[in-house]
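What follows is a short report on a single structure.
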Amino acid sequence: MVIARSATLRSQVADELRKDIIEGRYAPGNRLIERDLSERYDVSRTVIREALRVMEAESLVVVEPYRGPSVKALSLAEITHLYEVREILESAACGLAAERADADQFASISNTLENIATADAADIDARVGFGNAFYESIVEAANNPLIGTLLSNVQTQISQLRRVTLSTPGREIDLLTELRPIVDAIKQGDRGGAEKAASRHVRAAAEIARNVLTDRINGPATATASGG
């Protein structure tokens, strides 16, 4: 029973820490001090260390000699690799959804797209939530849980940049232009069309993510962002 309670507490703290990292409370490169985390989450340092190991396994935290744990800062190469994998997985999920979605599942996809379309452009939390719901509805329609698991892992690693890219001026309009063809292809049962539309969407997001990271590294004068 003690082990079960301990595991549950660790999971709860890991969930809170993950949320804080994803939402930017702890920015890339920020050190994660056990004492401070212990006070924030009101748990022992032992639980904090266990939660940090979970975050390290999820590639959200890196532990360096003589420095300890910190929020992982992605390199340009890592961003490229993650978006390449995301493109493969999302394209596959959208293609399968085009072949397998039933009426209820398609209605869910359409409803989540409508939520994205009507969301307040300034409400990033809502837009991220609706975006997550959109992908989840597509994965459900694809009827392949493994794709969902793999895609969730990739999305978690790039989650901080997603919030920044969604804040790019005009991105809410470009996003709808990219997502509507995916939904149209799924409605028509066009697997190839859904895959191609998903690839175009992810490549647009990848370009913005690279621009954002270049901006962080070299300064705003060297980076240009045009969607994401």
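Chain labels follow the order of the structure tokens: the first chain is A, the next B, and so on; residue numbering restarts at 1 in every chain, and ligands are counted from 1 in their shown order.
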Closest contacts (region 42-157 of chain A/region 206-218 of chain A, max 7 Å, only C-alpha atoms) as JSON lines:
{"residue": "A:Leu76", "atom": "CA", "partner": "A:Arg210", "partner_atom": "CA", "distance": 6.4}
{"residue": "A:Ile79", "atom": "CA", "partner": "A:Arg210", "partner_atom": "CA", "distance": 6.9}
{"residue": "A:Tyr83", "atom": "CA", "partner": "A:Ala206", "partner_atom": "CA", "distance": 5.9}
Using only C-alpha atoms, which protein or nucleic acid residues come within 10 Å of region 29-37 of chain A? Drop anything in the same chain fewer than 3 positions from it, and give the result as an mmCIF file with all heavy atoms, in the first residue's frame.
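Everything below was put into part.cif:
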data_model
loop_
_atom_site.group_PDB
_atom_site.id
_atom_site.type_symbol
_atom_site.label_atom_id
_atom_site.label_comp_id
_atom_site.auth_asym_id
_atom_site.auth_seq_id
_atom_site.Cartn_x
_atom_site.Cartn_y
_atom_site.Cartn_z
ATOM 1 N N VAL A 13 2.936 14.484 -8.976
ATOM 2 C CA VAL A 13 3.951 15.532 -9.053
ATOM 3 C C VAL A 13 4.541 15.595 -10.449
ATOM 4 O O VAL A 13 4.776 16.686 -10.992
ATOM 5 C CB VAL A 13 5.067 15.291 -8.002
ATOM 6 C CG1 VAL A 13 6.195 16.297 -8.180
ATOM 7 C CG2 VAL A 13 4.489 15.399 -6.592
ATOM 8 N N LEU A 17 4.632 18.866 -12.781
ATOM 9 C CA LEU A 17 5.899 19.367 -13.301
ATOM 10 C C LEU A 17 5.878 19.398 -14.824
ATOM 11 O O LEU A 17 6.330 20.362 -15.451
ATOM 12 C CB LEU A 17 7.056 18.499 -12.797
ATOM 13 C CG LEU A 17 8.460 18.889 -13.263
ATOM 14 C CD1 LEU A 17 8.768 20.346 -12.913
ATOM 15 C CD2 LEU A 17 9.503 17.953 -12.642
ATOM 16 N N ILE A 21 6.319 22.712 -17.184
ATOM 17 C CA ILE A 21 7.334 22.805 -18.236
ATOM 18 C C ILE A 21 6.676 23.124 -19.573
ATOM 19 O O ILE A 21 7.109 24.012 -20.310
ATOM 20 C CB ILE A 21 8.146 21.496 -18.332
ATOM 21 C CG1 ILE A 21 9.019 21.317 -17.078
ATOM 22 C CG2 ILE A 21 9.029 21.501 -19.584
ATOM 23 C CD1 ILE A 21 9.730 19.980 -17.017
ATOM 24 N N ARG A 25 6.379 27.708 -17.441
ATOM 25 C CA ARG A 25 6.776 28.210 -16.120
ATOM 26 C C ARG A 25 8.276 28.007 -15.920
ATOM 27 O O ARG A 25 8.960 28.842 -15.340
ATOM 28 C CB ARG A 25 5.985 27.507 -15.016
ATOM 29 C CG ARG A 25 6.376 27.996 -13.620
ATOM 30 C CD ARG A 25 5.646 27.255 -12.521
ATOM 31 N NE ARG A 25 6.050 27.752 -11.219
ATOM 32 C CZ ARG A 25 5.486 28.764 -10.568
ATOM 33 N NH1 ARG A 25 4.467 29.388 -11.131
ATOM 34 N NH2 ARG A 25 5.926 29.157 -9.390
ATOM 35 N N TYR A 26 8.756 26.863 -16.399
ATOM 36 C CA TYR A 26 10.192 26.590 -16.400
ATOM 37 C C TYR A 26 10.638 26.564 -17.859
ATOM 38 O O TYR A 26 10.265 25.679 -18.611
ATOM 39 C CB TYR A 26 10.497 25.259 -15.713
ATOM 40 C CG TYR A 26 10.006 25.203 -14.278
ATOM 41 C CD1 TYR A 26 8.995 24.319 -13.898
ATOM 42 C CD2 TYR A 26 10.562 26.031 -13.307
ATOM 43 C CE1 TYR A 26 8.546 24.277 -12.588
ATOM 44 C CE2 TYR A 26 10.113 25.997 -11.992
ATOM 45 C CZ TYR A 26 9.110 25.114 -11.648
ATOM 46 O OH TYR A 26 8.658 25.073 -10.346
ATOM 47 N N ARG A 40 7.467 24.040 -3.752
ATOM 48 C CA ARG A 40 6.357 24.385 -4.655
ATOM 49 C C ARG A 40 5.277 23.310 -4.643
ATOM 50 O O ARG A 40 4.078 23.625 -4.590
ATOM 51 C CB ARG A 40 6.872 24.590 -6.083
ATOM 52 C CG ARG A 40 5.744 24.705 -7.106
ATOM 53 C CD ARG A 40 6.213 25.174 -8.462
ATOM 54 N NE ARG A 40 5.166 25.092 -9.458
ATOM 55 C CZ ARG A 40 4.128 25.904 -9.543
ATOM 56 N NH1 ARG A 40 3.998 26.890 -8.677
ATOM 57 N NH2 ARG A 40 3.212 25.759 -10.478
ATOM 58 N N TYR A 41 5.680 22.047 -4.709
ATOM 59 C CA TYR A 41 4.709 20.962 -4.802
ATOM 60 C C TYR A 41 4.388 20.332 -3.450
ATOM 61 O O TYR A 41 3.575 19.408 -3.381
ATOM 62 C CB TYR A 41 5.210 19.903 -5.784
ATOM 63 C CG TYR A 41 5.464 20.450 -7.175
ATOM 64 C CD1 TYR A 41 6.743 20.445 -7.721
ATOM 65 C CD2 TYR A 41 4.428 20.986 -7.931
ATOM 66 C CE1 TYR A 41 6.985 20.963 -8.989
ATOM 67 C CE2 TYR A 41 4.654 21.510 -9.196
ATOM 68 C CZ TYR A 41 5.927 21.486 -9.712
ATOM 69 O OH TYR A 41 6.165 22.008 -10.966
ATOM 70 N N ASP A 42 5.057 20.829 -2.404
ATOM 71 C CA ASP A 42 4.791 20.380 -1.036
ATOM 72 C C ASP A 42 4.959 18.872 -0.871
ATOM 73 O O ASP A 42 4.090 18.168 -0.342
ATOM 74 C CB ASP A 42 3.378 20.795 -0.609
ATOM 75 C CG ASP A 42 3.159 20.655 0.895
ATOM 76 O OD1 ASP A 42 4.169 20.681 1.642
ATOM 77 O OD2 ASP A 42 1.994 20.510 1.319
ATOM 78 N N VAL A 43 6.086 18.372 -1.370
ATOM 79 C CA VAL A 43 6.423 16.954 -1.226
ATOM 80 C C VAL A 43 7.901 16.838 -0.868
ATOM 81 O O VAL A 43 8.638 17.818 -0.917
ATOM 82 C CB VAL A 43 6.146 16.163 -2.531
ATOM 83 C CG1 VAL A 43 4.662 16.139 -2.850
ATOM 84 C CG2 VAL A 43 6.927 16.761 -3.688
ATOM 85 N N SER A 44 8.317 15.641 -0.528
ATOM 86 C CA SER A 44 9.707 15.425 -0.152
ATOM 87 C C SER A 44 10.626 15.497 -1.365
ATOM 88 O O SER A 44 10.180 15.366 -2.513
ATOM 89 C CB SER A 44 9.854 14.050 0.512
ATOM 90 O OG SER A 44 9.677 13.020 -0.446
ATOM 91 N N ARG A 45 11.917 15.672 -1.104
ATOM 92 C CA ARG A 45 12.877 15.696 -2.205
ATOM 93 C C ARG A 45 12.966 14.335 -2.883
ATOM 94 O O ARG A 45 13.292 14.258 -4.073
ATOM 95 C CB ARG A 45 14.255 16.119 -1.682
ATOM 96 C CG ARG A 45 14.320 17.565 -1.225
ATOM 97 C CD ARG A 45 15.755 18.006 -1.084
ATOM 98 N NE ARG A 45 15.852 19.331 -0.468
ATOM 99 C CZ ARG A 45 16.982 19.999 -0.327
ATOM 100 N NH1 ARG A 45 18.126 19.464 -0.744
ATOM 101 N NH2 ARG A 45 16.991 21.196 0.238
ATOM 102 N N THR A 46 12.687 13.280 -2.143
ATOM 103 C CA THR A 46 12.706 11.942 -2.736
ATOM 104 C C THR A 46 11.662 11.841 -3.845
ATOM 105 O O THR A 46 11.938 11.330 -4.942
ATOM 106 C CB THR A 46 12.422 10.867 -1.672
ATOM 107 O OG1 THR A 46 13.446 10.899 -0.680
ATOM 108 C CG2 THR A 46 12.369 9.481 -2.304
ATOM 109 N N VAL A 47 10.471 12.352 -3.573
ATOM 110 C CA VAL A 47 9.410 12.342 -4.591
ATOM 111 C C VAL A 47 9.803 13.227 -5.772
ATOM 112 O O VAL A 47 9.570 12.875 -6.933
ATOM 113 C CB VAL A 47 8.080 12.812 -3.982
ATOM 114 C CG1 VAL A 47 7.007 12.947 -5.075
ATOM 115 C CG2 VAL A 47 7.609 11.838 -2.914
ATOM 116 N N ILE A 48 10.426 14.365 -5.491
ATOM 117 C CA ILE A 48 10.873 15.262 -6.556
ATOM 118 C C ILE A 48 11.893 14.557 -7.444
ATOM 119 O O ILE A 48 11.816 14.644 -8.679
ATOM 120 C CB ILE A 48 11.480 16.554 -5.982
ATOM 121 C CG1 ILE A 48 10.404 17.396 -5.303
ATOM 122 C CG2 ILE A 48 12.187 17.359 -7.068
ATOM 123 C CD1 ILE A 48 9.295 17.854 -6.231
ATOM 124 N N ARG A 49 12.827 13.866 -6.840
ATOM 125 C CA ARG A 49 13.845 13.159 -7.634
ATOM 126 C C ARG A 49 13.196 12.099 -8.522
ATOM 127 O O ARG A 49 13.600 11.906 -9.675
ATOM 128 C CB ARG A 49 14.889 12.521 -6.716
ATOM 129 C CG ARG A 49 15.916 13.508 -6.175
ATOM 130 C CD ARG A 49 17.092 12.806 -5.520
ATOM 131 N NE ARG A 49 16.715 12.220 -4.236
ATOM 132 C CZ ARG A 49 16.774 12.850 -3.065
ATOM 133 N NH1 ARG A 49 17.173 14.112 -3.022
ATOM 134 N NH2 ARG A 49 16.424 12.244 -1.951
ATOM 135 N N LEU A 52 11.507 13.873 -11.389
ATOM 136 C CA LEU A 52 12.511 14.357 -12.331
ATOM 137 C C LEU A 52 13.015 13.224 -13.225
ATOM 138 O O LEU A 52 13.287 13.436 -14.409
ATOM 139 C CB LEU A 52 13.675 15.002 -11.590
ATOM 140 C CG LEU A 52 13.397 16.385 -10.988
ATOM 141 C CD1 LEU A 52 14.538 16.807 -10.063
ATOM 142 C CD2 LEU A 52 13.202 17.423 -12.090
ATOM 143 N N VAL A 61 13.571 16.836 -19.419
ATOM 144 C CA VAL A 61 14.601 17.265 -18.468
ATOM 145 C C VAL A 61 15.902 16.568 -18.805
ATOM 146 O O VAL A 61 15.913 15.407 -19.228
ATOM 147 C CB VAL A 61 14.175 16.937 -17.016
ATOM 148 C CG1 VAL A 61 15.349 17.058 -16.048
ATOM 149 C CG2 VAL A 61 13.035 17.845 -16.575
ATOM 150 N N VAL A 62 17.000 17.289 -18.644
ATOM 151 C CA VAL A 62 18.329 16.709 -18.825
ATOM 152 C C VAL A 62 19.109 16.895 -17.536
ATOM 153 O O VAL A 62 18.992 17.935 -16.870
ATOM 154 C CB VAL A 62 19.063 17.373 -20.019
ATOM 155 C CG1 VAL A 62 19.243 18.868 -19.794
ATOM 156 C CG2 VAL A 62 20.400 16.693 -20.275
ATOM 157 N N VAL A 63 19.875 15.888 -17.146
ATOM 158 C CA VAL A 63 20.683 15.954 -15.931
ATOM 159 C C VAL A 63 22.154 15.977 -16.338
ATOM 160 O O VAL A 63 22.633 15.052 -16.994
ATOM 161 C CB VAL A 63 20.419 14.750 -15.005
ATOM 162 C CG1 VAL A 63 21.291 14.849 -13.759
ATOM 163 C CG2 VAL A 63 18.943 14.689 -14.619
ATOM 164 N N ARG A 67 25.896 20.198 -12.574
ATOM 165 C CA ARG A 67 24.851 21.206 -12.755
ATOM 166 C C ARG A 67 23.496 20.709 -12.293
ATOM 167 O O ARG A 67 22.650 21.470 -11.867
ATOM 168 C CB ARG A 67 24.763 21.628 -14.227
ATOM 169 C CG ARG A 67 23.854 22.843 -14.468
ATOM 170 C CD ARG A 67 24.009 23.356 -15.898
ATOM 171 N NE ARG A 67 23.295 24.618 -16.086
ATOM 172 C CZ ARG A 67 22.054 24.718 -16.549
ATOM 173 N NH1 ARG A 67 21.385 23.622 -16.890
ATOM 174 N NH2 ARG A 67 21.479 25.897 -16.678
ATOM 175 N N GLY A 68 23.302 19.410 -12.377
ATOM 176 C CA GLY A 68 22.037 18.848 -11.965
ATOM 177 C C GLY A 68 20.980 18.929 -13.047
ATOM 178 O O GLY A 68 21.281 19.190 -14.217
ATOM 179 N N PRO A 69 19.717 18.744 -12.673
ATOM 180 C CA PRO A 69 18.642 18.732 -13.668
ATOM 181 C C PRO A 69 18.256 20.125 -14.144
ATOM 182 O O PRO A 69 18.300 21.099 -13.391
ATOM 183 C CB PRO A 69 17.475 18.087 -12.905
ATOM 184 C CG PRO A 69 17.738 18.417 -11.475
ATOM 185 C CD PRO A 69 19.230 18.421 -11.319
ATOM 186 N N SER A 70 17.891 20.208 -15.409
ATOM 187 C CA SER A 70 17.384 21.453 -15.992
ATOM 188 C C SER A 70 16.419 21.092 -17.111
ATOM 189 O O SER A 70 16.409 19.964 -17.618
ATOM 190 C CB SER A 70 18.525 22.318 -16.533
ATOM 191 O OG SER A 70 19.241 21.642 -17.547
ATOM 192 N N VAL A 71 15.595 22.050 -17.500
ATOM 193 C CA VAL A 71 14.659 21.831 -18.600
ATOM 194 C C VAL A 71 15.452 21.706 -19.896
ATOM 195 O O VAL A 71 16.313 22.537 -20.187
ATOM 196 C CB VAL A 71 13.660 22.992 -18.706
ATOM 197 C CG1 VAL A 71 12.719 22.770 -19.888
ATOM 198 C CG2 VAL A 71 12.864 23.134 -17.421
ATOM 199 N N LYS A 72 15.174 20.667 -20.649
ATOM 200 C CA LYS A 72 15.931 20.436 -21.870
ATOM 201 C C LYS A 72 15.672 21.526 -22.895
ATOM 202 O O LYS A 72 14.526 21.899 -23.153
ATOM 203 C CB LYS A 72 15.574 19.076 -22.470
ATOM 204 C CG LYS A 72 16.398 18.736 -23.710
ATOM 205 C CD LYS A 72 16.154 17.318 -24.181
ATOM 206 C CE LYS A 72 17.008 16.999 -25.406
ATOM 207 N NZ LYS A 72 16.830 15.604 -25.862
ATOM 208 N N ALA A 73 16.738 22.044 -23.468
ATOM 209 C CA ALA A 73 16.647 23.022 -24.553
ATOM 210 C C ALA A 73 16.940 22.287 -25.861
ATOM 211 O O ALA A 73 18.033 21.741 -26.041
ATOM 212 C CB ALA A 73 17.652 24.151 -24.339
ATOM 213 N N LEU A 74 15.984 22.259 -26.750
ATOM 214 C CA LEU A 74 16.141 21.528 -28.004
ATOM 215 C C LEU A 74 17.069 22.270 -28.960
ATOM 216 O O LEU A 74 17.042 23.498 -29.057
ATOM 217 C CB LEU A 74 14.779 21.338 -28.672
ATOM 218 C CG LEU A 74 13.784 20.447 -27.931
ATOM 219 C CD1 LEU A 74 12.421 20.532 -28.598
ATOM 220 C CD2 LEU A 74 14.260 19.006 -27.892
#
| query | So how far away is CA of Val164 (chain A) from CA of Pro28 (chain A), in Å? | reply |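 Going from CA of Pro28 (chain A) over to CA of Val164 (chain A), I get 12.5 Å.
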| Which residue gives the smallest distance to Ser108 (chain A) among A:Lys187, A:Arg86, A:Arg203, A:Arg171, with only C-alpha atoms counted? |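 Ranked by minimum distance to Ser108 (chain A), first place goes to A:Lys187.
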| said: I'd like the interatomic distance between CA of Gln105 (chain A) and CA of Gly193 (chain A), to a tenth of an Å. | reply: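 Atom-to-atom, CA of Gln105 (chain A) to CA of Gly193 (chain A), that is 18.4 Å.
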| message | Considering only C-alpha atoms, can you say which of A:Ala101, A:Ala205, A:Ile109, A:Ala121 comes closest to Arg191 (chain A)? | response |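 Of A:Ala101, A:Ala205, A:Ile109, A:Ala121, the one nearest Arg191 (chain A), counting only C-alpha atoms, is A:Ala101.
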| If you run DSSP on the backbone, which residues of region 31-170 of chain A are strand (DSSP E), as a list in words? |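 DSSP-assigned strand (DSSP E) residues in region 31-170 of chain A: Val61, Val62, Val63, Glu64, Gly68, Pro69, Ser70 and Val71 of chain A.
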Atoms kept (C-alpha atoms) for selection, written as a PDB file, in the first residue's frame:
ATOM      1  CA  VAL A  61      14.601  17.265 -18.468  1.00  0.00           C
ATOM      2  CA  VAL A  62      18.329  16.709 -18.825  1.00  0.00           C
ATOM      3  CA  VAL A  63      20.683  15.954 -15.931  1.00  0.00           C
ATOM      4  CA  GLU A  64      24.231  17.245 -16.362  1.00  0.00           C
ATOM      5  CA  GLY A  68      22.037  18.848 -11.965  1.00  0.00           C
ATOM      6  CA  PRO A  69      18.642  18.732 -13.668  1.00  0.00           C
ATOM      7  CA  SER A  70      17.384  21.453 -15.992  1.00  0.00           C
ATOM      8  CA  VAL A  71      14.659  21.831 -18.600  1.00  0.00           C
TER       9      VAL A  71
END
| query | CA of Gly129 (chain A) and CA of Ser152 (chain A), how far apart in Å? | reply |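 So the answer is 13.5 Å.
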| task | Rank A:Val154, A:Leu89, A:Asp184, A:Thr112 by their smallest atom-to-atom distance to Ala142 (chain A), using only C-alpha atoms, and report the top residue only. | result |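 Of A:Val154, A:Leu89, A:Asp184, A:Thr112, the one nearest Ala142 (chain A), counting only C-alpha atoms, is A:Leu89.
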| task | Pick out the residues sitting within 12 Å of Asp125 (chain A), and hand them over as a PyMOL selection string; count only C-alpha atoms, and ignore anything fewer than 3 positions along from it in its own chain. | result | chain A and resi 19+22-24+116+119-122+128-132+159-160+162-164+166-167
| request: Using only C-alpha atoms, pick whichever of A:Asn115, A:Gln12, A:Asn143, A:Gln155 has the shortest atom-to-atom distance to Ala98 (chain A). | output: A:Asn143
